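Enquirer: Sharing protein13.cif below, mmCIF, C-alpha atoms and all ligand atoms:
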```cif
data_coords
loop_
_atom_site.label_atom_id
_atom_site.label_comp_id
_atom_site.auth_asym_id
_atom_site.auth_seq_id
_atom_site.Cartn_x
_atom_site.Cartn_y
_atom_site.Cartn_z
CA MET A 1 -13.80 -2.79 -20.24
CA TYR A 2 -11.62 -1.29 -17.48
CA ALA A 3 -14.02 -2.40 -14.70
CA GLY A 4 -14.32 -5.84 -16.33
CA ALA A 5 -10.57 -6.38 -16.32
CA LYS A 6 -10.34 -5.26 -12.72
CA ALA A 7 -13.07 -7.71 -11.69
CA PHE A 8 -11.44 -10.55 -13.65
CA PHE A 9 -8.01 -10.08 -12.07
CA TYR A 10 -9.55 -9.51 -8.66
CA ALA A 11 -11.26 -12.90 -8.97
CA LEU A 12 -7.93 -14.51 -9.96
CA SER A 13 -6.19 -12.81 -7.03
CA ARG A 14 -8.49 -14.69 -4.68
CA SER A 15 -7.77 -18.13 -6.11
CA ALA A 16 -6.01 -20.22 -3.47
CA LEU A 17 -4.83 -22.73 -6.08
CA LEU A 18 -3.23 -20.10 -8.33
CA LYS A 19 -1.65 -18.47 -5.29
CA ARG A 20 -0.06 -21.77 -4.26
CA LEU A 21 1.16 -22.48 -7.77
CA ALA A 22 2.59 -18.97 -8.09
CA SER A 23 4.63 -19.15 -4.90
CA ARG A 24 5.89 -22.58 -5.92
CA TYR A 25 6.77 -21.32 -9.42
CA GLY A 26 8.65 -18.45 -7.83
CA LEU A 27 9.73 -15.03 -8.97
CA ALA A 28 13.34 -15.95 -9.41
CA THR A 29 12.64 -18.16 -12.40
CA SER A 30 11.73 -15.16 -14.53
CA GLU A 31 13.79 -12.01 -14.37
CA SER A 32 11.22 -9.60 -15.75
CA PHE A 33 7.84 -11.20 -15.06
CA ALA A 34 6.28 -10.24 -11.72
CA SER A 35 9.67 -8.92 -10.62
CA ARG A 36 8.92 -5.66 -12.42
CA PHE A 37 6.48 -4.94 -9.57
CA ILE A 38 7.96 -6.99 -6.71
CA ALA A 39 11.40 -6.49 -5.20
CA GLY A 40 12.25 -10.19 -4.90
CA GLU A 41 11.24 -12.95 -2.54
CA THR A 42 13.66 -12.29 0.32
CA ILE A 43 14.25 -9.49 2.80
CA GLU A 44 17.78 -9.16 1.42
CA THR A 45 16.63 -8.43 -2.14
CA ALA A 46 14.11 -5.91 -0.83
CA ILE A 47 16.78 -4.16 1.26
CA GLU A 48 19.03 -3.99 -1.77
CA ALA A 49 16.22 -2.51 -3.90
CA SER A 50 15.43 0.00 -1.14
CA ARG A 51 19.05 1.07 -0.91
CA ARG A 52 19.13 1.67 -4.65
CA LEU A 53 15.95 3.76 -4.44
CA GLN A 54 17.26 5.79 -1.53
CA THR A 55 20.44 6.66 -3.42
CA GLN A 56 18.16 8.03 -6.17
CA GLY A 57 16.48 10.36 -3.67
CA PHE A 58 13.36 8.30 -2.87
CA LEU A 59 11.87 7.48 0.50
CA ILE A 60 10.72 3.88 0.93
CA THR A 61 8.24 1.69 2.77
CA LEU A 62 8.69 -2.08 2.87
CA ASP A 63 5.77 -4.48 2.57
CA HIS A 64 6.23 -8.15 3.38
CA LEU A 65 3.59 -9.56 1.07
CA GLY A 66 0.85 -11.67 2.58
CA GLU A 67 -2.87 -11.43 3.22
CA GLY A 68 -5.99 -13.46 3.86
CA VAL A 69 -4.39 -15.51 6.65
CA ASP A 70 -6.93 -17.88 8.21
CA THR A 71 -5.18 -19.56 11.16
CA ILE A 72 -3.70 -18.25 14.40
CA ASP A 73 -0.40 -19.97 13.59
CA ALA A 74 -0.10 -18.33 10.18
CA ALA A 75 -0.90 -14.92 11.69
CA ALA A 76 1.74 -15.48 14.38
CA ALA A 77 4.29 -16.49 11.74
CA ALA A 78 3.56 -13.34 9.70
CA THR A 79 3.95 -11.26 12.86
CA ARG A 80 7.35 -12.87 13.59
CA GLU A 81 8.43 -12.13 10.03
CA TYR A 82 7.58 -8.46 10.51
CA VAL A 83 9.47 -8.31 13.81
CA ARG A 84 12.45 -9.87 12.03
CA LEU A 85 12.03 -7.38 9.19
CA ILE A 86 12.34 -4.48 11.65
CA ASP A 87 15.59 -5.98 13.02
CA VAL A 88 17.01 -6.38 9.52
CA ILE A 89 15.96 -2.87 8.50
CA VAL A 90 17.63 -1.41 11.58
CA ALA A 91 20.82 -3.42 10.99
CA SER A 92 20.90 -2.44 7.32
CA GLY A 93 20.66 1.29 7.97
CA ILE A 94 17.88 1.89 5.42
CA GLU A 95 14.88 4.06 6.21
CA ARG A 96 12.60 2.59 8.89
CA ASN A 97 9.13 2.39 7.41
CA ILE A 98 6.87 -0.64 6.87
CA SER A 99 3.40 -1.34 5.52
CA ILE A 100 1.17 -4.15 6.78
CA LYS A 101 -2.23 -5.71 6.18
CA LEU A 102 -4.50 -6.73 9.04
CA THR A 103 -5.70 -9.86 7.22
CA GLN A 104 -2.07 -10.93 7.42
CA LEU A 105 -2.10 -10.50 11.20
CA GLY A 106 -5.26 -12.53 11.75
CA ILE A 107 -8.20 -10.10 11.61
CA ASP A 108 -10.28 -12.91 10.05
CA VAL A 109 -9.36 -15.29 12.84
CA ASP A 110 -9.88 -13.17 15.92
CA ARG A 111 -9.87 -9.42 16.57
CA ALA A 112 -7.99 -9.64 19.88
CA THR A 113 -5.26 -11.81 18.34
CA CYS A 114 -4.90 -9.36 15.49
CA ILE A 115 -4.52 -6.44 17.91
CA ASP A 116 -1.96 -8.40 19.95
CA ASN A 117 0.00 -9.20 16.81
CA LEU A 118 -0.06 -5.59 15.69
CA ARG A 119 1.16 -4.52 19.13
CA ARG A 120 3.99 -7.08 18.90
CA ILE A 121 5.13 -5.25 15.76
CA LEU A 122 4.46 -1.73 17.04
CA GLU A 123 6.56 -2.15 20.17
CA PRO A 124 9.91 -2.89 18.51
CA ALA A 125 8.93 -0.45 15.76
CA ALA A 126 8.44 2.34 18.32
CA ARG A 127 11.72 1.47 20.03
CA HIS A 128 13.54 1.85 16.73
CA GLN A 129 11.57 4.85 15.40
CA CYS A 130 10.12 2.70 12.63
CA TYR A 131 6.90 3.98 11.09
CA VAL A 132 4.07 1.48 10.52
CA ARG A 133 1.32 2.05 7.96
CA ILE A 134 -1.77 -0.14 7.87
CA ASP A 135 -2.88 -0.82 4.29
CA MET A 136 -6.62 -0.77 3.65
CA GLU A 137 -8.20 -3.91 2.19
CA HIS A 138 -11.68 -4.79 0.91
CA SER A 139 -14.59 -2.75 2.30
CA ALA A 140 -15.62 -5.72 4.45
CA TYR A 141 -12.61 -4.77 6.60
CA THR A 142 -12.79 -0.96 6.55
CA GLU A 143 -14.65 -0.35 9.81
CA ARG A 144 -12.76 -3.07 11.70
CA THR A 145 -9.43 -1.75 10.42
CA ILE A 146 -10.23 1.81 11.50
CA GLU A 147 -11.45 0.63 14.90
CA ILE A 148 -8.24 -1.34 15.49
CA PHE A 149 -6.22 1.67 14.40
CA GLU A 150 -8.16 3.86 16.85
CA THR A 151 -7.69 1.35 19.68
CA LEU A 152 -3.93 1.45 19.27
CA TRP A 153 -3.90 5.20 18.76
CA GLU A 154 -5.69 5.56 22.12
CA GLN A 155 -2.92 3.42 23.62
CA GLU A 156 -0.50 6.15 22.49
CA TYR A 157 1.06 4.36 19.54
CA ARG A 158 1.92 7.33 17.39
CA ASN A 159 4.29 5.62 14.95
CA LEU A 160 1.15 4.38 13.21
CA GLY A 161 -0.80 5.53 10.14
CA LEU A 162 -3.60 4.23 7.98
CA ALA A 163 -4.57 4.07 4.29
CA LEU A 164 -8.02 5.27 3.20
CA GLN A 165 -9.62 4.63 -0.20
CA ALA A 166 -11.13 7.50 -2.20
CA TYR A 167 -13.54 5.20 -4.10
CA LEU A 168 -15.59 4.44 -0.95
CA TYR A 169 -18.47 6.83 -0.22
CA ARG A 170 -17.75 6.52 3.49
CA THR A 171 -14.22 7.89 3.19
CA GLU A 172 -15.38 11.51 3.44
CA ASN A 173 -16.39 10.71 7.05
CA ASP A 174 -13.31 8.63 7.72
CA VAL A 175 -11.05 11.48 6.61
CA ARG A 176 -12.86 13.74 9.07
CA ARG A 177 -12.47 11.06 11.76
CA MET A 178 -8.71 10.80 11.15
CA ASN A 179 -8.27 14.58 10.89
CA GLU A 180 -9.94 14.98 14.27
CA LEU A 181 -7.43 12.54 15.78
CA GLY A 182 -4.57 14.25 14.00
CA ALA A 183 -3.63 10.90 12.45
CA ARG A 184 -1.65 10.53 9.26
CA VAL A 185 -3.51 9.14 6.26
CA ARG A 186 -2.26 7.62 3.04
CA LEU A 187 -4.91 8.38 0.45
CA VAL A 188 -5.29 5.82 -2.38
CA LYS A 189 -7.96 5.37 -5.03
CA GLY A 190 -8.69 1.77 -3.96
CA ALA A 191 -7.65 -1.52 -5.53
CA TYR A 192 -10.46 -3.98 -4.72
CA LYS A 193 -13.65 -4.93 -6.52
CA GLU A 194 -16.44 -3.02 -4.79
CA THR A 195 -20.14 -2.67 -5.62
CA ALA A 196 -22.01 0.53 -6.44
CA ALA A 197 -23.68 0.26 -3.03
CA VAL A 198 -20.43 1.29 -1.34
CA ALA A 199 -18.08 2.75 -3.96
CA TYR A 200 -17.88 5.02 -6.99
CA GLN A 201 -17.58 2.93 -10.13
CA ARG A 202 -16.50 5.51 -12.71
CA LYS A 203 -12.91 6.72 -12.98
CA ASP A 204 -13.94 10.40 -13.18
CA GLU A 205 -15.94 10.04 -9.94
CA VAL A 206 -13.08 8.30 -8.13
CA ASP A 207 -10.61 10.93 -9.35
CA ALA A 208 -12.87 13.80 -8.22
CA ALA A 209 -13.29 12.18 -4.79
CA PHE A 210 -9.54 11.67 -4.53
CA VAL A 211 -8.79 15.34 -5.22
CA ARG A 212 -11.52 16.50 -2.81
CA LEU A 213 -10.23 14.27 0.00
CA ALA A 214 -6.59 15.11 -0.70
CA ARG A 215 -7.44 18.80 -0.24
CA GLN A 216 -9.13 18.09 3.10
CA LEU A 217 -6.10 16.13 4.28
CA LEU A 218 -3.66 18.79 3.13
CA ASP A 219 -5.67 21.57 4.76
CA ALA A 220 -5.77 19.64 8.06
CA GLY A 221 -1.96 19.66 8.06
CA THR A 222 -1.42 16.09 9.28
CA TYR A 223 1.32 15.21 6.76
CA PRO A 224 -0.82 13.14 4.37
CA ALA A 225 0.57 10.73 1.80
CA ILE A 226 -0.89 11.25 -1.66
CA ALA A 227 -0.56 7.79 -3.19
CA THR A 228 -1.35 7.73 -6.89
CA HIS A 229 0.36 7.43 -10.28
CA ASP A 230 -2.24 9.63 -11.93
CA PRO A 231 -0.54 12.73 -13.38
CA GLY A 232 -3.82 14.68 -13.68
CA VAL A 233 -4.67 14.11 -10.03
CA ILE A 234 -1.10 14.88 -8.97
CA ASP A 235 -1.22 18.21 -10.85
CA GLN A 236 -4.42 19.20 -9.05
CA VAL A 237 -2.93 18.28 -5.67
CA ARG A 238 0.23 20.24 -6.46
CA SER A 239 -1.68 23.34 -7.47
CA HIS A 240 -3.88 23.17 -4.35
CA ALA A 241 -0.77 22.94 -2.16
CA THR A 242 0.87 25.85 -3.97
CA THR A 243 -2.15 28.16 -3.87
CA SER A 244 -2.80 27.32 -0.19
CA GLY A 245 0.81 27.95 0.78
CA ILE A 246 1.36 24.33 1.90
CA ALA A 247 5.08 23.67 1.63
CA SER A 248 6.33 20.54 -0.13
CA ASP A 249 7.67 19.11 3.14
CA ARG A 250 4.15 19.07 4.69
CA PHE A 251 3.06 16.04 2.66
CA GLU A 252 4.50 13.32 0.47
CA PHE A 253 3.64 11.53 -2.72
CA GLN A 254 3.76 7.76 -2.80
CA MET A 255 3.90 5.30 -5.69
CA LEU A 256 4.27 1.57 -6.09
CA TYR A 257 7.58 -0.09 -6.94
CA GLY A 258 8.06 -0.32 -10.70
CA ILE A 259 5.06 1.84 -11.69
CA ARG A 260 5.53 5.19 -13.48
CA ARG A 261 9.21 5.37 -12.65
CA ASP A 262 9.45 8.40 -14.97
CA LEU A 263 6.91 10.32 -12.90
CA GLN A 264 8.52 9.17 -9.65
CA ALA A 265 11.84 10.64 -10.77
CA SER A 266 10.37 13.87 -12.11
CA LEU A 267 8.56 14.63 -8.84
CA VAL A 268 11.78 14.13 -6.89
CA ALA A 269 13.58 16.39 -9.38
CA SER A 270 10.89 19.05 -8.75
CA GLY A 271 11.63 18.94 -5.02
CA TYR A 272 8.77 16.78 -3.76
CA ARG A 273 9.02 13.92 -1.30
CA MET A 274 8.31 10.63 -3.01
CA ARG A 275 7.98 7.36 -1.14
CA ILE A 276 8.14 4.07 -3.02
CA TYR A 277 6.11 1.15 -1.70
CA VAL A 278 8.49 -1.81 -1.97
CA PRO A 279 6.69 -5.18 -1.77
CA PHE A 280 8.61 -8.43 -1.41
CA GLY A 281 8.09 -12.04 -0.40
CA ARG A 282 6.85 -15.37 -1.69
CA ASP A 283 3.18 -14.51 -1.34
CA TRP A 284 3.22 -12.10 -4.30
CA PHE A 285 0.37 -13.45 -6.39
CA PRO A 286 -2.70 -11.46 -5.12
CA TYR A 287 -0.71 -8.20 -5.13
CA PHE A 288 0.50 -8.88 -8.64
CA MET A 289 -3.00 -9.71 -9.91
CA ARG A 290 -4.32 -6.39 -8.55
CA ARG A 291 -1.58 -4.57 -10.46
CA LEU A 292 -2.58 -6.37 -13.66
CA GLY A 293 -6.23 -5.49 -13.10
CA GLU A 294 -5.41 -1.79 -12.73
CA ARG A 295 -3.91 -1.64 -16.16
CA PRO A 296 -4.85 -4.30 -18.69
CA ALA A 297 -1.86 -3.21 -20.82
CA ASN A 298 0.30 -4.85 -18.14
CA VAL A 299 -0.96 -8.21 -19.37
CA GLY A 300 0.72 -7.50 -22.71
CA PHE A 301 3.86 -6.60 -20.81
CA VAL A 302 3.77 -9.91 -18.95
CA VAL A 303 3.20 -11.90 -22.12
CA LYS A 304 6.07 -10.11 -23.86
CA ALA A 305 8.30 -10.66 -20.83
CA LEU A 306 7.68 -14.37 -21.05
CA PHE A 307 9.21 -14.42 -24.52
CA ARG A 308 11.82 -11.71 -24.27
CA GLU A 309 14.09 -10.82 -21.38
CA ARG A 310 14.80 -7.11 -20.99
P1 LIG B 1 -5.23 4.97 -12.00
O1 LIG B 1 -5.55 3.54 -11.81
O2 LIG B 1 -6.30 5.87 -12.54
O3 LIG B 1 -3.95 5.07 -12.90
C1 LIG B 1 -3.39 6.30 -13.33
C2 LIG B 1 -2.17 6.00 -14.19
O4 LIG B 1 -1.17 5.38 -13.40
C3 LIG B 1 -2.44 5.00 -15.31
O5 LIG B 1 -2.91 5.64 -16.46
C4 LIG B 1 -1.06 4.38 -15.49
O6 LIG B 1 -0.23 5.23 -16.26
C5 LIG B 1 -0.52 4.33 -14.11
N1 LIG B 1 -0.81 3.04 -13.44
C6 LIG B 1 -1.70 2.83 -12.46
N2 LIG B 1 -1.67 1.55 -12.04
C7 LIG B 1 -0.75 0.93 -12.82
C8 LIG B 1 -0.27 -0.38 -12.90
N3 LIG B 1 -0.72 -1.34 -12.10
N4 LIG B 1 0.69 -0.67 -13.82
C9 LIG B 1 1.17 0.29 -14.63
N5 LIG B 1 0.74 1.58 -14.62
C10 LIG B 1 -0.20 1.90 -13.73
N6 LIG B 1 -5.00 0.29 -2.61
C11 LIG B 1 -5.78 -0.14 -1.61
O7 LIG B 1 -6.94 -0.49 -1.84
N7 LIG B 1 -5.29 -0.21 -0.33
C12 LIG B 1 -4.02 0.20 -0.02
O8 LIG B 1 -3.63 0.16 1.14
C13 LIG B 1 -3.20 0.67 -1.07
N8 LIG B 1 -1.92 1.07 -0.84
C14 LIG B 1 -1.22 1.72 -1.83
C15 LIG B 1 0.00 2.30 -1.56
C16 LIG B 1 0.65 3.06 -2.53
C17 LIG B 1 1.95 3.71 -2.21
C18 LIG B 1 0.05 3.23 -3.81
C19 LIG B 1 0.68 4.08 -4.87
C20 LIG B 1 -1.14 2.60 -4.10
C21 LIG B 1 -1.78 1.83 -3.14
N9 LIG B 1 -2.98 1.20 -3.42
C22 LIG B 1 -3.73 0.71 -2.37
C23 LIG B 1 -3.43 1.00 -4.81
C24 LIG B 1 -4.40 2.07 -5.27
O9 LIG B 1 -5.62 1.93 -4.60
C25 LIG B 1 -4.63 2.00 -6.79
O10 LIG B 1 -5.23 0.77 -7.09
C26 LIG B 1 -3.38 2.14 -7.62
O11 LIG B 1 -2.54 3.12 -7.11
C27 LIG B 1 -3.74 2.55 -9.06
O12 LIG B 1 -4.45 3.74 -9.07
P2 LIG B 1 -3.84 5.17 -9.47
O13 LIG B 1 -4.11 6.10 -8.35
O14 LIG B 1 -2.43 5.06 -9.83
O15 LIG B 1 -4.76 5.66 -10.65
#
```
I need this file expressed as structure tokens, please.
Ligand code: FDA
Expert:
Amino acid sequence: MYAGAKAFFYALSRSALLKRLASRYGLATSESFASRFIAGETIETAIEASRRLQTQGFLITLDHLGEGVDTIDAAAAATREYVRLIDVIVASGIERNISIKLTQLGIDVDRATCIDNLRRILEPAARHQCYVRIDMEHSAYTERTIEIFETLWEQEYRNLGLALQAYLYRTENDVRRMNELGARVRLVKGAYKETAAVAYQRKDEVDAAFVRLARQLLDAGTYPAIATHDPGVIDQVRSHATTSGIASDRFEFQMLYGIRRDLQASLVASGYRMRIYVPFGRDWFPYFMRRLGERPANVGFVVKALFRER
């Protein structure tokens, strides 16, 4: 049932027609529809949301939504938007931290162009001490994403980190690879539809892998980001950190905007670092569909929101 829903929404997330309709329909027309999970369509609304979160004690990372770009021009436009985002972040005084996807920067078009685009973002980011995290996408991109990360790491870009997905069998090796570099990893369970040839399919297997990998990252001491809303997994990570004497400022938790706000607040109240991933922009449809697929109950929420404003 759970896997079925995930597959269904993943298929919808890839529909070009629905994506076009969604960005035309717009977030603004419904206060509590996708806007529960997305901090508006403009940089300004996202900055405002980030400011609010920071006053509540959260750290933030901003994601200008977009993915699956298939022309050089579109990749260049997305790159310019990110460069502009860095300027606006710096001017606004909010925390300097962004998340990006390589399919947004043209990895499907041409590897060299994608690397150039990433460098165009990393340079102003480094100048302004802005941290850049590369999101991890479908497994078709995993190796290429890690290789691009390593290329830039070798070129001394150190304001750069990477997400790895616990559901992939290969991640055990990738964690080792990143630990050897001393690179910072954001560990997530994984949001895409993957086959049993490459990924664990059962929730208990994914959870066990997550906890195992989180321990390896914590023990390596590279300031990992533990990105999950799963209270059981979070408890296991907390107790490993406590018993191993790893202080709460040696890692951070991360959660998505609008998801488990109760847990977000309680972790901050307990003295942990908690970073909220704040997505914004017109291209919100695929991101939103993945959030629906993770929790079918969200569909009920959406339907209710269509009839009743909160
Ligand atoms: P799980 O799905 O088991 O959910 C545990 C509990 O969390 C649920 O019982 C529910 O209470 C709550 N919950 C989870 N998802 C919810 C939702 N959509 N709506 C409401 N409640 C929900 N993935 C990826 O493949 N590449 C990436 O780069 C990233 N980046 C990323 C950054 C950050 C900061 C986070 C938190 C997550 C990602 N992800 C990601 C997404 C990740 O892979 C995963 O799909 C989601 O976090 C959901 O999995 P959980 O770990 O929360 O566990």
Enquirer: Quick one: distance from CA of Leu263 (chain A) to atom C5 of ligand LIG 1 (chain B) in Å, one decimal?
Expert: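 A separation of 9.6 Å between them.
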Enquirer: Once you add 8 Å to each side, what are the centre and edge lengths of the axis-aligned box holding all listed atoms of ligand LIG 1 (chain B)? One decimal in Å, as JSON, if you can.
Expert:
```
{"center_x": -2.5, "center_y": 2.5, "center_z": -7.7, "size_x": 24.9, "size_y": 23.6, "size_z": 33.6}
```
Enquirer: Could you check how far CA of Gln201 (chain A) sits from atom N3 of ligand LIG 1 (chain B), in Å to one decimal?
Expert: 17.5 Å
Enquirer: Name the residues in contact with Asp110 (chain A) at a cut-off of 12 Å, using only C-alpha atoms, excluding same-chain residues fewer than 6 positions from it; report them as a ChimeraX atom specification.
Expert: /A:69-73,75-76,102-104,116-117,144,148
Enquirer: Generate a file of the selected residues that holds C-alpha atoms, formatted as an mmCIF file, in the coordinates of the input.
Expert:
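The new file selection-v1.cif reads:
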```cif
data_model
loop_
_atom_site.group_PDB
_atom_site.id
_atom_site.type_symbol
_atom_site.label_atom_id
_atom_site.label_comp_id
_atom_site.auth_asym_id
_atom_site.auth_seq_id
_atom_site.Cartn_x
_atom_site.Cartn_y
_atom_site.Cartn_z
ATOM 1 C CA VAL A 69 -4.390 -15.510 6.650
ATOM 2 C CA ASP A 70 -6.930 -17.880 8.210
ATOM 3 C CA THR A 71 -5.180 -19.560 11.160
ATOM 4 C CA ILE A 72 -3.700 -18.250 14.400
ATOM 5 C CA ASP A 73 -0.400 -19.970 13.590
ATOM 6 C CA ALA A 75 -0.900 -14.920 11.690
ATOM 7 C CA ALA A 76 1.740 -15.480 14.380
ATOM 8 C CA LEU A 102 -4.500 -6.730 9.040
ATOM 9 C CA THR A 103 -5.700 -9.860 7.220
ATOM 10 C CA GLN A 104 -2.070 -10.930 7.420
ATOM 11 C CA ASP A 116 -1.960 -8.400 19.950
ATOM 12 C CA ASN A 117 0.000 -9.200 16.810
ATOM 13 C CA ARG A 144 -12.760 -3.070 11.700
ATOM 14 C CA ILE A 148 -8.240 -1.340 15.490
#
```
Enquirer: If you count only C-alpha atoms, which residues fall within 6 Å of region 286-300 of chain A, apart from same-chain ones fewer than 6 positions away, as a ChimeraX atom specification?
Expert: /A:5-6,9,13
Enquirer: For ligand LIG 1 (chain B), which of A:Ala163, A:Leu65, A:Ala126, A:Ala78 is the closest residue, counting all atoms listed in the file?
Expert: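 Of the candidates, the smallest distance to ligand LIG 1 (chain B) is held by A:Ala163.
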Enquirer: Provide the CA of Ile100 (chain A) to CA of Glu172 (chain A) distance in Å, to one decimal place.
Expert: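 So the two atoms, CA of Ile100 (chain A) and CA of Glu172 (chain A), lie 23.0 Å apart.
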Enquirer: Between A:Glu147, A:Glu205, A:Glu194, A:Asp135, which is the closest to ligand LIG 1 (chain B) once you count only C-alpha atoms and all ligand atoms?
Expert: A:Asp135
Enquirer: Select, counting only C-alpha atoms, all protein, DNA and RNA residues no farther than 12 Å from (16.0, 2.2, -4.1) in file coordinates, and express the selection as a PyMOL selection string.
Expert: chain A and resi 39+45-62+94-95+256-258+261+264-265+274-278
Enquirer: Convert the current residue selection to file output with C-alpha atoms, as a PDB file, in the frame of the given file.
Expert:
```pdb
ATOM      1  CA  ALA A  39      11.400  -6.490  -5.200  1.00  0.00           C
ATOM      2  CA  THR A  45      16.630  -8.430  -2.140  1.00  0.00           C
ATOM      3  CA  ALA A  46      14.110  -5.910  -0.830  1.00  0.00           C
ATOM      4  CA  ILE A  47      16.780  -4.160   1.260  1.00  0.00           C
ATOM      5  CA  GLU A  48      19.030  -3.990  -1.770  1.00  0.00           C
ATOM      6  CA  ALA A  49      16.220  -2.510  -3.900  1.00  0.00           C
ATOM      7  CA  SER A  50      15.430   0.000  -1.140  1.00  0.00           C
ATOM      8  CA  ARG A  51      19.050   1.070  -0.910  1.00  0.00           C
ATOM      9  CA  ARG A  52      19.130   1.670  -4.650  1.00  0.00           C
ATOM     10  CA  LEU A  53      15.950   3.760  -4.440  1.00  0.00           C
ATOM     11  CA  GLN A  54      17.260   5.790  -1.530  1.00  0.00           C
ATOM     12  CA  THR A  55      20.440   6.660  -3.420  1.00  0.00           C
ATOM     13  CA  GLN A  56      18.160   8.030  -6.170  1.00  0.00           C
ATOM     14  CA  GLY A  57      16.480  10.360  -3.670  1.00  0.00           C
ATOM     15  CA  PHE A  58      13.360   8.300  -2.870  1.00  0.00           C
ATOM     16  CA  LEU A  59      11.870   7.480   0.500  1.00  0.00           C
ATOM     17  CA  ILE A  60      10.720   3.880   0.930  1.00  0.00           C
ATOM     18  CA  THR A  61       8.240   1.690   2.770  1.00  0.00           C
ATOM     19  CA  LEU A  62       8.690  -2.080   2.870  1.00  0.00           C
ATOM     20  CA  ILE A  94      17.880   1.890   5.420  1.00  0.00           C
ATOM     21  CA  GLU A  95      14.880   4.060   6.210  1.00  0.00           C
ATOM     22  CA  LEU A 256       4.270   1.570  -6.090  1.00  0.00           C
ATOM     23  CA  TYR A 257       7.580  -0.090  -6.940  1.00  0.00           C
ATOM     24  CA  GLY A 258       8.060  -0.320 -10.700  1.00  0.00           C
ATOM     25  CA  ARG A 261       9.210   5.370 -12.650  1.00  0.00           C
ATOM     26  CA  GLN A 264       8.520   9.170  -9.650  1.00  0.00           C
ATOM     27  CA  ALA A 265      11.840  10.640 -10.770  1.00  0.00           C
ATOM     28  CA  MET A 274       8.310  10.630  -3.010  1.00  0.00           C
ATOM     29  CA  ARG A 275       7.980   7.360  -1.140  1.00  0.00           C
ATOM     30  CA  ILE A 276       8.140   4.070  -3.020  1.00  0.00           C
ATOM     31  CA  TYR A 277       6.110   1.150  -1.700  1.00  0.00           C
ATOM     32  CA  VAL A 278       8.490  -1.810  -1.970  1.00  0.00           C
TER      33      VAL A 278
END
```
Enquirer: Taking all atoms listed in the file into account, name the residue in A:Ser99, A:Asn159, A:Thr195, A:Gln236 that is nearest to ligand LIG 1 (chain B).
Expert: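 Nearest candidate to ligand LIG 1 (chain B) out of A:Ser99, A:Asn159, A:Thr195, A:Gln236: A:Ser99.
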Enquirer: Find, counting only C-alpha atoms and all ligand atoms, the residue in A:Met178, A:Met255, A:Leu122, A:Leu160 that gets nearest to ligand LIG 1 (chain B).
Expert: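 Comparing A:Met178, A:Met255, A:Leu122, A:Leu160 against ligand LIG 1 (chain B), the winner is A:Met255.
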Enquirer: Just the residues within 7 Å of Cys114 (chain A), please, counting all atoms listed in the file, with nothing from its chain fewer than 6 positions along; format it as a list in words.
Expert: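 Near Cys114 (chain A), the qualifying residues are Leu102, Leu105, Gly106 and Ile107 of chain A.
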Enquirer: Taking only C-alpha atoms and all ligand atoms into account, name the residue in A:Asp87, A:Glu123, A:Asp283, A:Asp262 that is nearest to ligand LIG 1 (chain B).
Expert: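 Using only C-alpha atoms and all ligand atoms, the shortest distance to ligand LIG 1 (chain B) belongs to A:Asp262.
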Enquirer: Skipping near chain neighbours, those fewer than 2 positions away, what residues fall within 8 Å of His229 (chain A) using all atoms listed in the file, listed as a PyMOL selection string?
Expert: chain A and resi 227+231+234+255+259-260+263
Enquirer: Identify, on the basis of all atoms listed in the file, every residue whose closest approach to Arg96 (chain A) does not exceed 9 Å; exclude the query and any residue fewer than 6 positions from it along the same chain; express the result as a ChimeraX atom specification.
Expert: /A:60-62,86,89-90,125,128-132
Enquirer: Can I get the selected residues back with C-alpha atoms, as a PDB file, in the coordinates of the input?
Expert:
```pdb
ATOM      1  CA  ILE A  60      10.720   3.880   0.930  1.00  0.00           C
ATOM      2  CA  THR A  61       8.240   1.690   2.770  1.00  0.00           C
ATOM      3  CA  LEU A  62       8.690  -2.080   2.870  1.00  0.00           C
ATOM      4  CA  ILE A  86      12.340  -4.480  11.650  1.00  0.00           C
ATOM      5  CA  ILE A  89      15.960  -2.870   8.500  1.00  0.00           C
ATOM      6  CA  VAL A  90      17.630  -1.410  11.580  1.00  0.00           C
ATOM      7  CA  ALA A 125       8.930  -0.450  15.760  1.00  0.00           C
ATOM      8  CA  HIS A 128      13.540   1.850  16.730  1.00  0.00           C
ATOM      9  CA  GLN A 129      11.570   4.850  15.400  1.00  0.00           C
ATOM     10  CA  CYS A 130      10.120   2.700  12.630  1.00  0.00           C
ATOM     11  CA  TYR A 131       6.900   3.980  11.090  1.00  0.00           C
ATOM     12  CA  VAL A 132       4.070   1.480  10.520  1.00  0.00           C
TER      13      VAL A 132
END
```
